[in-house]
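> Okay, handing you the structure first.
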Amino acid sequence: MRQTATALMLLCVLVTGCGGGGGGSSSPPALGSIASKLFVADAGNSSIASTVDADPPSGTLAFDRVIDGAATGISNNVRSLAIDPSRGLLYVANGGEILVFSNPGTADGNVSPARTIDSADFGNIIALYLDTTNDVLYAGDSAQGVWMIHAASTRDGTLTPDRRLTGNFGAVSFQIHDIFVDTTRNLLYVSRTTSASEVLVFGNASSVNGTNITAARTITPSPSMGVRTIFADVGRDELYAANVGSSTIVVFAAASSADGSTPADRIVNWGSSTVDFVVDTAHDRLYAIDSLNMFILYDAHLLTGTVTPTKTLSVPGGTVVSAIAVNP
């Protein structure tokens with residue numbers, strides 16, 4: 001699940017094989033000089049794979065690079081990725097810790113993380129959002145709350161989170177699924193499940209800190225649905241939410257002011273469940289994964305009803321994708 005702030009938090013894809021691409025030169029440049037753009041976590045092989053092409057063709061997904069091996073420390077429980085393009089960092093939600101890899105666009109093989117962030121407060125880190133402008137990493141802990149880590153690009157080792165949002169998420173019945181920060185409006189969205197699924201909206205995201213803080217608003221989908229991964233198109237003020245119960249993604253308009261029982265403005269269905277998704281707002285593309293496939297849908301802001309993905313890509317045998325992100 002995901003997520004990055006001002007530099008799009010889209011990323012995730014697997015890596016293997018080789019190949020180059022033309023850039024106007026007489027011969028393809030070496031693979032090492034081309035940075036991967038699409039990243040996925042592979043729970044089947046405890047690895048992170050990537051492709052150079054952010055918009056690969058339909059068919060079997062061919063990976064250009066794979067971060068894989070004992071030195072990586074990657075588990076089979078990676079649920080979210082966040083990338084910092086300007087600093088060349090990839091953050092990996094690795095259960096009870098957060099791995100940080102340098103130069104993810106060219107990383108390949110059995111490479112060690114540059115840093116590992118852990119804390120006695122961490123339970124199971126399931127979602128990440130990176131505010132790249134302010135260098136703040138938000139970490140959603142499935143049964144604990146949300147941890148905020150400042151100066152994230154330099155943090156290493158065991159630490160105490162700089163801020164926290166806890167208390168409303170302390171039991172399994174109040175499980176957090178995903179987070180997203182609208183840095184323009186200073187809003188923190190948290191999807192969770194109580195007796196039903198809902199999205200809590202907290203104001204003052206850049207400073208909120210404490211226990212049992214009441215959300216400014218609660219978006220309760222109408223009709224009820226199982227909200228999991230969320231993503232906000234800040235420019236259009238729309239909130240996307242994956243509905244695990246009906247294999248759809250719903251979109252709420254005017255998300256920054258939505259409150260209470262809220263019908264979806266759009267419902268998008270392409271006939272497959274969604275493990276994770278992200279929207280490349282720069283190119284208006286929606287990327288979604290189930291465990292064995294990736295789907296790319298163009299004109300994301302126009303999608304509604306039953307649709308056919310622009311591209312459908314199957315992953316290689318033995319691969320089980322669990323998180324996705326893209327840096328177009």
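Every chain in the structure tokens has a letter given in the order shown (A, B, ...), and although residue numbers restart at 1 in each chain, ligands are simply numbered from 1 in the order shown.
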Got a sec: who's within 7 Å of region 233-244 of chain A, counting only C-alpha atoms, leaving out chain neighbours fewer than 6 positions off, as a ChimeraX atom specification?

/A:182,225-227,250-256,273-274,281

> Find the residues near region 185-196 of chain A: any atom within 7 Å, counting only C-alpha atoms, skip ones fewer than 3 places away on the same chain, and give them as a ChimeraX atom specification.

/A:173-182,199-206,227-228

> Atoms to include: N, CA and C atoms. Write the selected residues as an mmCIF file, in the first residue's frame.


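File part_6.cif, as written:
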data_model
loop_
_atom_site.group_PDB
_atom_site.id
_atom_site.type_symbol
_atom_site.label_atom_id
_atom_site.label_comp_id
_atom_site.auth_asym_id
_atom_site.auth_seq_id
_atom_site.Cartn_x
_atom_site.Cartn_y
_atom_site.Cartn_z
ATOM 1 N N SER A 173 -9.955 -5.418 15.730
ATOM 2 C CA SER A 173 -11.222 -5.019 15.111
ATOM 3 C C SER A 173 -11.171 -3.583 14.586
ATOM 4 N N PHE A 174 -10.094 -2.886 14.889
ATOM 5 C CA PHE A 174 -9.907 -1.522 14.404
ATOM 6 C C PHE A 174 -8.650 -1.487 13.526
ATOM 7 N N GLN A 175 -8.569 -2.395 12.602
ATOM 8 C CA GLN A 175 -7.334 -2.574 11.848
ATOM 9 C C GLN A 175 -7.160 -1.526 10.760
ATOM 10 N N ILE A 176 -5.958 -0.943 10.728
ATOM 11 C CA ILE A 176 -5.583 -0.009 9.663
ATOM 12 C C ILE A 176 -5.201 -0.808 8.418
ATOM 13 N N HIS A 177 -5.625 -0.301 7.257
ATOM 14 C CA HIS A 177 -5.279 -0.946 5.997
ATOM 15 C C HIS A 177 -4.333 -0.092 5.151
ATOM 16 N N ASP A 178 -4.564 1.222 5.085
ATOM 17 C CA ASP A 178 -3.738 2.054 4.232
ATOM 18 C C ASP A 178 -3.817 3.501 4.696
ATOM 19 N N ILE A 179 -2.856 4.317 4.222
ATOM 20 C CA ILE A 179 -2.826 5.739 4.553
ATOM 21 C C ILE A 179 -2.464 6.534 3.309
ATOM 22 N N PHE A 180 -2.863 7.794 3.294
ATOM 23 C CA PHE A 180 -2.463 8.715 2.230
ATOM 24 C C PHE A 180 -2.497 10.122 2.808
ATOM 25 N N VAL A 181 -1.545 10.960 2.404
ATOM 26 C CA VAL A 181 -1.477 12.324 2.898
ATOM 27 C C VAL A 181 -1.663 13.297 1.736
ATOM 28 N N ASP A 182 -2.634 14.166 1.872
ATOM 29 C CA ASP A 182 -2.818 15.287 0.943
ATOM 30 C C ASP A 182 -2.003 16.436 1.519
ATOM 31 N N VAL A 199 -13.093 5.481 6.019
ATOM 32 C CA VAL A 199 -11.867 6.254 5.873
ATOM 33 C C VAL A 199 -11.927 7.425 6.838
ATOM 34 N N LEU A 200 -10.994 7.459 7.779
ATOM 35 C CA LEU A 200 -10.904 8.577 8.714
ATOM 36 C C LEU A 200 -10.050 9.671 8.084
ATOM 37 N N VAL A 201 -10.450 10.922 8.305
ATOM 38 C CA VAL A 201 -9.723 12.062 7.752
ATOM 39 C C VAL A 201 -9.293 12.962 8.903
ATOM 40 N N PHE A 202 -7.981 13.102 9.067
ATOM 41 C CA PHE A 202 -7.433 13.935 10.134
ATOM 42 C C PHE A 202 -6.861 15.216 9.542
ATOM 43 N N GLY A 203 -7.176 16.363 10.159
ATOM 44 C CA GLY A 203 -6.596 17.629 9.751
ATOM 45 C C GLY A 203 -5.206 17.797 10.341
ATOM 46 N N ASN A 204 -4.500 18.832 9.889
ATOM 47 C CA ASN A 204 -3.171 19.156 10.426
ATOM 48 C C ASN A 204 -2.229 17.960 10.372
ATOM 49 N N ALA A 205 -2.190 17.295 9.216
ATOM 50 C CA ALA A 205 -1.376 16.094 9.080
ATOM 51 C C ALA A 205 0.087 16.337 9.418
ATOM 52 N N SER A 206 0.584 17.513 9.125
ATOM 53 C CA SER A 206 2.001 17.811 9.344
ATOM 54 C C SER A 206 2.366 17.996 10.811
ATOM 55 N N VAL A 227 -13.201 -1.382 2.422
ATOM 56 C CA VAL A 227 -12.162 -0.463 1.966
ATOM 57 C C VAL A 227 -10.783 -1.008 2.348
ATOM 58 N N ARG A 228 -9.881 -1.012 1.387
ATOM 59 C CA ARG A 228 -8.506 -1.422 1.662
ATOM 60 C C ARG A 228 -7.550 -0.319 1.173
#

> For region 35-41 of chain A, work out the shell of residues within 7 Å, counting only C-alpha atoms and skipping chain neighbours fewer than 4 positions away, then give it as an mmCIF file with N, CA and C atoms, in the first residue's frame.


data_model
loop_
_atom_site.group_PDB
_atom_site.id
_atom_site.type_symbol
_atom_site.label_atom_id
_atom_site.label_comp_id
_atom_site.auth_asym_id
_atom_site.auth_seq_id
_atom_site.Cartn_x
_atom_site.Cartn_y
_atom_site.Cartn_z
ATOM 1 N N LEU A 11 4.959 3.352 -7.539
ATOM 2 C CA LEU A 11 6.024 2.513 -7.892
ATOM 3 C C LEU A 11 5.735 1.073 -7.604
ATOM 4 N N CYS A 12 6.463 0.187 -8.300
ATOM 5 C CA CYS A 12 6.495 -1.150 -7.890
ATOM 6 C C CYS A 12 6.471 -2.112 -9.039
ATOM 7 N N VAL A 13 7.471 -2.886 -9.269
ATOM 8 C CA VAL A 13 7.476 -3.964 -10.212
ATOM 9 C C VAL A 13 8.723 -4.762 -10.126
ATOM 10 N N LEU A 14 8.603 -5.951 -10.617
ATOM 11 C CA LEU A 14 9.638 -6.930 -10.455
ATOM 12 C C LEU A 14 10.717 -6.803 -11.506
ATOM 13 N N SER A 47 11.306 -10.586 -2.706
ATOM 14 C CA SER A 47 12.161 -9.708 -3.498
ATOM 15 C C SER A 47 11.390 -8.482 -3.957
ATOM 16 N N ILE A 48 12.115 -7.524 -4.519
ATOM 17 C CA ILE A 48 11.533 -6.351 -5.157
ATOM 18 C C ILE A 48 11.995 -6.368 -6.605
ATOM 19 N N ALA A 49 11.031 -6.373 -7.544
ATOM 20 C CA ALA A 49 11.377 -6.414 -8.955
ATOM 21 C C ALA A 49 10.992 -5.093 -9.603
ATOM 22 N N SER A 50 11.643 -4.780 -10.726
ATOM 23 C CA SER A 50 11.360 -3.505 -11.381
ATOM 24 C C SER A 50 11.546 -3.614 -12.883
ATOM 25 N N THR A 51 10.923 -2.668 -13.586
ATOM 26 C CA THR A 51 11.090 -2.594 -15.032
ATOM 27 C C THR A 51 11.486 -1.174 -15.419
ATOM 28 N N VAL A 52 12.227 -1.097 -16.501
ATOM 29 C CA VAL A 52 12.656 0.198 -17.028
ATOM 30 C C VAL A 52 11.477 0.960 -17.607
ATOM 31 N N ASP A 53 10.585 0.233 -18.265
ATOM 32 C CA ASP A 53 9.424 0.827 -18.919
ATOM 33 C C ASP A 53 8.289 0.990 -17.919
ATOM 34 N N ALA A 54 7.831 2.222 -17.707
ATOM 35 C CA ALA A 54 6.724 2.462 -16.788
ATOM 36 C C ALA A 54 5.382 2.074 -17.388
ATOM 37 N N VAL A 78 5.852 -7.955 2.494
ATOM 38 C CA VAL A 78 5.927 -6.561 2.064
ATOM 39 C C VAL A 78 4.580 -6.132 1.502
ATOM 40 N N GLY A 105 16.531 2.598 -8.678
ATOM 41 C CA GLY A 105 16.368 2.501 -10.114
ATOM 42 C C GLY A 105 17.428 1.661 -10.795
ATOM 43 N N THR A 106 18.565 1.461 -10.128
ATOM 44 C CA THR A 106 19.644 0.653 -10.710
ATOM 45 C C THR A 106 20.035 -0.526 -9.816
ATOM 46 N N VAL A 321 2.694 -11.015 -6.547
ATOM 47 C CA VAL A 321 2.892 -9.600 -6.293
ATOM 48 C C VAL A 321 2.014 -9.122 -5.144
ATOM 49 N N SER A 322 2.589 -8.282 -4.280
ATOM 50 C CA SER A 322 1.870 -7.839 -3.078
ATOM 51 C C SER A 322 1.853 -6.331 -2.908
ATOM 52 N N ALA A 323 2.613 -5.584 -3.697
ATOM 53 C CA ALA A 323 2.621 -4.128 -3.600
ATOM 54 C C ALA A 323 3.158 -3.570 -4.906
ATOM 55 N N ILE A 324 2.709 -2.343 -5.233
ATOM 56 C CA ILE A 324 3.131 -1.750 -6.495
ATOM 57 C C ILE A 324 3.346 -0.255 -6.351
ATOM 58 N N ALA A 325 4.259 0.281 -7.154
ATOM 59 C CA ALA A 325 4.516 1.720 -7.167
ATOM 60 C C ALA A 325 5.199 2.065 -8.463
ATOM 61 N N VAL A 326 5.119 3.330 -8.858
ATOM 62 C CA VAL A 326 5.738 3.734 -10.111
ATOM 63 C C VAL A 326 6.323 5.126 -9.986
ATOM 64 N N ASN A 327 7.446 5.339 -10.622
ATOM 65 C CA ASN A 327 8.096 6.643 -10.659
ATOM 66 C C ASN A 327 8.248 7.020 -12.124
ATOM 67 N N PRO A 328 7.184 7.576 -12.736
ATOM 68 C CA PRO A 328 7.176 7.775 -14.192
ATOM 69 C C PRO A 328 8.208 8.801 -14.670
#

> When DSSP works through the backbone of this structure, what residues of region 119-272 of chain A end up as strand (DSSP E or B), shown as a ChimeraX atom specification?

/A:125-131,136-141,145-149,157-158,163-166,175-182,187-193,197-202,210-211,217-222,227-233,238-243,248-252,260-263,266-269

> Please provide as a list in words all residues within 7 Å of Val268 (chain A), with the sequence filter that same-chain residues fewer than 6 positions apart are discarded (counting only C-alpha atoms).

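Returned residues: Thr248, Ile249, Val250, Leu303, Thr304, Gly305, Thr306 and Val307 of chain A.
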
> List the neighbours of Ile117 (chain A) out to 8 Å using only C-alpha atoms; skip same-chain residues closer than 4 positions along the sequence, and give me the result as a count of residues only.

9

> Using only C-alpha atoms, which of the listed residues (A:Val136, A:Ala258, A:Ile74, A:Ile125) sits closest to Gly44 (chain A)?

A:Ile74

> Which of these residues is nearest to Ala70 (chain A), using only C-alpha atoms: A:Val111, A:Ile267, A:Val275, A:Ile34?

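Closest residue, counting only C-alpha atoms: A:Val111.
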
> Report as a list in words: the residues of region 81-222 of chain A with a DSSP assignment of helix (DSSP H, G or I), based on the backbone of this structure.

Ala152, Ser153, Thr154, Val172, Ser173 and Phe174 of chain A

> Need the shell around Gly109 (chain A): protein/DNA/RNA residues with any atom at most 6 Å away, counting only C-alpha atoms. Skip same-chain ones fewer than 5 positions apart. Format as a PDB file with C-alpha atoms, in the first residue's frame?


ATOM      1  CA  VAL A  66      15.401  -7.837  -9.084  1.00  0.00           C
ATOM      2  CA  ILE A  67      16.577  -6.993  -5.574  1.00  0.00           C
ATOM      3  CA  ASP A  68      16.826 -10.524  -4.245  1.00  0.00           C
TER       4      ASP A  68
END

> Can you work out the spacing between CA of Ala300 (chain A) and CA of Asp276 (chain A) in Å, to one decimal?

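Separation of CA of Ala300 (chain A) and CA of Asp276 (chain A): 15.5 Å.
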